[in-house]
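So the structure is just underneath, and the comments pick up after that.
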Amino acid sequence: MSAAGKKQKAGAELAGMSKKKLKSADEILAKVKALALRVKAEPEVQKTLRDLNLPHACREVVDKDADAVLDEVEAAVLLVAASVLRGEGFTYTLPSRAKGNQLYVPELDRIVLKDSQSHRAFANTATCRKAVITTRILQLVHELCTKRIHVTKRDLFYTDVKLFEDQGNSDAILDDLACMLGCTRSSLHVVASEKGVVVGRLTFREDGDLIDCRRMGVGGKAIPPNIDKVDSIASDALFILLVEKDAAFMRLAEDRFYNTYPCIIITAKGQPDVATRLFLKKLKQTLRIPVLALVDSDPYGLKILSVYMKGSMNMSYDSSNLTTPDIKWLGVRPSDLDRFNIPQQCRLPMTDEDIKTGKKLLEEEFVRANPEWVKELEIMVASKVKAEIQALSSFGFQYLSHQYLPLKLQEGDWI
């Protein structure tokens, strides 16, 4: 028999074996229902930084209305003016967002920002340009809050392209200002363009309009950039399925996976944006149902999952609003590759950079705090093999929705 024939036979045997293992939908969902009950039984009030006696002072931000942000902007400018009048020069004092100023807090299971500060002086050649950009963005934020309008980060960049040069420069300063003013980035009336999408057993109102996510087609409903305009959230879903990639999302949406297994499916199409992270947290807090994650079996899939759960270093100042702790890693895990007999040609060799990233993740405190995560990462690094969610398509295009996920749910195989 040829290699292709052997592969086809092995795939057919595995598919047949999987079908025999699958029970009825109610039996498949039994362990998910038990998990959902445990989540609902958890206390609604979560620990905050104030409840902990940490050795370091830490900084967190809160949502502020337009008037409060205007007051903060004007107070910041007055402090700079006072500095000039004292003969100390034109200088901004901002919280440092450097890696050394980040702290993982196990009790909160997220990254927070310590209270160290940095200075941005106009008279210093190293910080002169940043001081000018800071002043310009403060002016623009003041205008937006005065007019009560919102713009995208891209709009903001195009107000002064010659000064900003690259959108990364204006985006970074925007985060600095949110941290300095003590407010969330959305409070500055600057939002990211729509990126994430949602589909499934969910209805909500967006600025008064009723949205039914079961009637949004294969593409799903774009997650609104202004999460504060989302209310009246209702759902009969048992869980939220967080998917890393758009391709897997479309497969599940087209197969109407949420009709057989009541769920809400969300994707940010790769690296999570702020709106998707805020939306996920709002759903979890409102509905009080578990979140299960489906990501690639590679270091970057786990990094993406960690951003949802623990926060990113870039926005650690807002981790209390952006993180959704206790997301369960459903798949695709390194141990799944052999367990589900993923063909060798669908497994990819890890690059040196992949291995380096995997080893760095093993050193992270939030990874070491979960022995099962450590075990999976060690398998990945030792085997030097990775795989994408799409590797499951080697058994058939609908294997993900008809076999793999139902089996994982039936066995309660999440960590």
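Order determines the names: the first chain of the structure tokens is A, the second B, and so forth; residues in each chain are numbered 1 upward, and ligands are numbered 1 upward as they are shown.
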**Message:** Give me the residues near Arg154 (chain A) as JSON, numbers by chain, where near means some atom within 10 Å (using only C-alpha atoms) and where sequence neighbours in that chain fewer than 2 positions away do not count.
**Reply:** {"A": [151, 152, 156, 157, 158, 159, 167, 170, 171, 190, 191, 192, 193]}
**Prompt:** Skipping near chain neighbours, those fewer than 5 positions away, what residues fall within 10 Å of Asn169 (chain A) using only C-alpha atoms, listed as number ranges by chain?
**Reply:** A: 130, 133, 157, 163-164, 174
**Message:** If we count only C-alpha atoms and set the cut-off at 9 Å, which residues sit around region 290-303 of chain A, ignoring sequence neighbours fewer than 6 positions away in its own chain? Please answer as a PyMOL selection string.
**Reply:** chain A and resi 32+35-36+38-40+238-245+248+270-271+280+284+324+326-334+336-337+350+354-355+357-359+361+377+380+385-390+414
**Item:** DSSP strand (DSSP E) residues within region 159-380 of chain A, listed as a ChimeraX atom specification
**Value:** /A:190-191,197-200,203-206,209-212,221-222,230-234,239-243,263-267,291-294,328-331,348-349
Can you write out the residues you just picked, keeping N, CA and C atoms, as a tab-separated table (two decimals), in the first residue's frame?
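Saved as again-v7.tsv:
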chain	number	residue	atom	x	y	z
A	190	VAL	N	-10.23	57.45	22.36
A	190	VAL	CA	-9.50	56.90	21.21
A	190	VAL	C	-9.65	55.38	21.27
A	191	VAL	N	-10.13	54.79	20.18
A	191	VAL	CA	-10.39	53.35	20.15
A	191	VAL	C	-9.65	52.71	18.99
A	197	VAL	N	-14.45	39.32	16.38
A	197	VAL	CA	-15.83	39.00	15.98
A	197	VAL	C	-16.41	37.96	16.94
A	198	VAL	N	-17.75	37.93	17.00
A	198	VAL	CA	-18.45	37.01	17.89
A	198	VAL	C	-19.64	36.41	17.15
A	199	VAL	N	-19.94	35.15	17.46
A	199	VAL	CA	-21.11	34.49	16.89
A	199	VAL	C	-21.62	33.50	17.93
A	200	GLY	N	-22.90	33.13	17.83
A	200	GLY	CA	-23.42	32.10	18.73
A	200	GLY	C	-24.59	32.56	19.58
A	203	THR	N	-27.28	37.59	22.76
A	203	THR	CA	-27.93	38.82	22.32
A	203	THR	C	-27.48	39.95	23.22
A	204	PHE	N	-27.38	41.14	22.67
A	204	PHE	CA	-27.05	42.33	23.47
A	204	PHE	C	-27.52	43.57	22.72
A	205	ARG	N	-27.52	44.67	23.40
A	205	ARG	CA	-27.84	45.95	22.76
A	205	ARG	C	-26.56	46.76	22.61
A	206	GLU	N	-26.38	47.29	21.41
A	206	GLU	CA	-25.23	48.15	21.13
A	206	GLU	C	-25.74	49.54	20.79
A	209	ASP	N	-29.36	49.40	19.80
A	209	ASP	CA	-29.78	48.46	18.76
A	209	ASP	C	-29.63	47.02	19.26
A	210	LEU	N	-30.68	46.21	19.04
A	210	LEU	CA	-30.63	44.81	19.47
A	210	LEU	C	-29.81	43.98	18.48
A	211	ILE	N	-28.83	43.24	19.00
A	211	ILE	CA	-27.95	42.39	18.19
A	211	ILE	C	-28.17	40.94	18.58
A	212	ASP	N	-28.48	40.08	17.60
A	212	ASP	CA	-28.63	38.65	17.83
A	212	ASP	C	-27.48	37.94	17.10
A	221	LYS	N	-20.50	38.81	14.16
A	221	LYS	CA	-20.72	40.23	14.46
A	221	LYS	C	-19.41	40.85	14.93
A	222	ALA	N	-19.03	41.95	14.31
A	222	ALA	CA	-17.82	42.64	14.75
A	222	ALA	C	-17.98	43.13	16.19
A	230	VAL	N	-22.28	48.70	25.08
A	230	VAL	CA	-22.88	47.36	25.06
A	230	VAL	C	-23.58	47.09	26.39
A	231	ASP	N	-24.87	46.72	26.31
A	231	ASP	CA	-25.60	46.38	27.53
A	231	ASP	C	-26.68	45.35	27.21
A	232	SER	N	-27.51	45.04	28.20
A	232	SER	CA	-28.61	44.07	28.04
A	232	SER	C	-28.10	42.74	27.47
A	233	ILE	N	-26.97	42.26	28.01
A	233	ILE	CA	-26.39	40.99	27.55
A	233	ILE	C	-27.23	39.82	28.06
A	234	ALA	N	-27.59	38.92	27.14
A	234	ALA	CA	-28.37	37.74	27.52
A	234	ALA	C	-27.90	36.53	26.71
A	239	PHE	N	-20.93	27.83	27.75
A	239	PHE	CA	-19.53	28.24	27.81
A	239	PHE	C	-19.21	29.21	26.67
A	240	ILE	N	-18.08	29.87	26.81
A	240	ILE	CA	-17.54	30.73	25.76
A	240	ILE	C	-16.35	30.01	25.16
A	241	LEU	N	-16.33	29.90	23.84
A	241	LEU	CA	-15.21	29.27	23.15
A	241	LEU	C	-14.35	30.37	22.51
A	242	LEU	N	-13.16	30.54	23.05
A	242	LEU	CA	-12.24	31.57	22.58
A	242	LEU	C	-11.29	30.94	21.56
A	243	VAL	N	-11.34	31.42	20.32
A	243	VAL	CA	-10.60	30.82	19.23
A	243	VAL	C	-9.51	31.77	18.75
A	263	CYS	N	-22.99	27.61	22.97
A	263	CYS	CA	-21.80	28.40	23.34
A	263	CYS	C	-21.79	29.72	22.59
A	264	ILE	N	-20.86	30.57	22.99
A	264	ILE	CA	-20.57	31.83	22.30
A	264	ILE	C	-19.15	31.70	21.78
A	265	ILE	N	-18.93	31.96	20.50
A	265	ILE	CA	-17.60	31.79	19.90
A	265	ILE	C	-17.02	33.18	19.60
A	266	ILE	N	-15.80	33.39	20.06
A	266	ILE	CA	-15.13	34.69	19.91
A	266	ILE	C	-13.74	34.49	19.33
A	267	THR	N	-13.33	35.38	18.44
A	267	THR	CA	-11.94	35.40	17.99
A	267	THR	C	-11.48	36.84	17.80
A	291	VAL	N	-14.80	29.92	30.26
A	291	VAL	CA	-14.20	30.26	28.97
A	291	VAL	C	-13.20	29.16	28.62
A	292	LEU	N	-13.37	28.55	27.45
A	292	LEU	CA	-12.46	27.50	26.97
A	292	LEU	C	-11.73	28.05	25.75
A	293	ALA	N	-10.42	27.80	25.67
A	293	ALA	CA	-9.61	28.38	24.60
A	293	ALA	C	-9.10	27.34	23.62
A	294	LEU	N	-9.17	27.70	22.34
A	294	LEU	CA	-8.65	26.86	21.25
A	294	LEU	C	-7.59	27.68	20.51
A	328	LYS	N	-9.73	28.13	30.51
A	328	LYS	CA	-9.26	26.75	30.40
A	328	LYS	C	-8.64	26.52	29.02
A	329	TRP	N	-7.46	25.92	29.00
A	329	TRP	CA	-6.77	25.60	27.73
A	329	TRP	C	-7.32	24.28	27.23
A	330	LEU	N	-8.21	24.36	26.23
A	330	LEU	CA	-8.87	23.18	25.69
A	330	LEU	C	-8.01	22.49	24.64
A	331	GLY	N	-7.41	23.24	23.78
A	331	GLY	CA	-6.56	22.68	22.72
A	331	GLY	C	-6.06	23.82	21.84
A	348	LEU	N	4.92	20.83	12.21
A	348	LEU	CA	5.97	21.70	11.69
A	348	LEU	C	7.15	21.74	12.65
A	349	PRO	N	8.37	21.74	12.13
A	349	PRO	CA	9.54	21.86	13.03
A	349	PRO	C	9.59	23.26	13.63
**Message:** Quick check, in Å to one decimal: how far apart do CA of Val73 (chain A) and CA of Leu181 (chain A) lie?
**Reply:**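 Rounded to one decimal, the two atoms are 7.0 Å apart.
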**Request:** Please identify which residues in region 240-278 of chain A DSSP calls alpha helix (DSSP H) from the backbone, and express them as an MDAnalysis selection string.
**Result:** chainID A and resid 246:254 257:260 274:278
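Coordinates place CA of Leu29 (chain A) at a distance of 11.0 Å from CA of Leu405 (chain A).
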**Complete:** In terms of only C-alpha atoms, the residue from A:Arg277, A:Arg201, A:Arg59, A:Lys310 at minimal distance from Ala253 (chain A) is A:Arg201
**Nearest residue to Gly89 (chain A) from the set A:Thr260, A:Gly396, A:Arg120, A:Asp176 (distances using only C-alpha atoms)** =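 Looking at the shortest contact to Gly89 (chain A), the residue is A:Arg120.
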**Request:** Select, from A:Ala25, A:Arg214, A:Asn341, A:Lys31, the residue with the minimum atom-to-atom distance to Phe395 (chain A), counting only C-alpha atoms.
**Result:** A:Asn341
**Asked** When distances are computed from only C-alpha atoms, which of A:Lys384, A:Lys281, A:His119, A:His150 shows the smallest separation from Met180 (chain A)?
**Response** A:His119
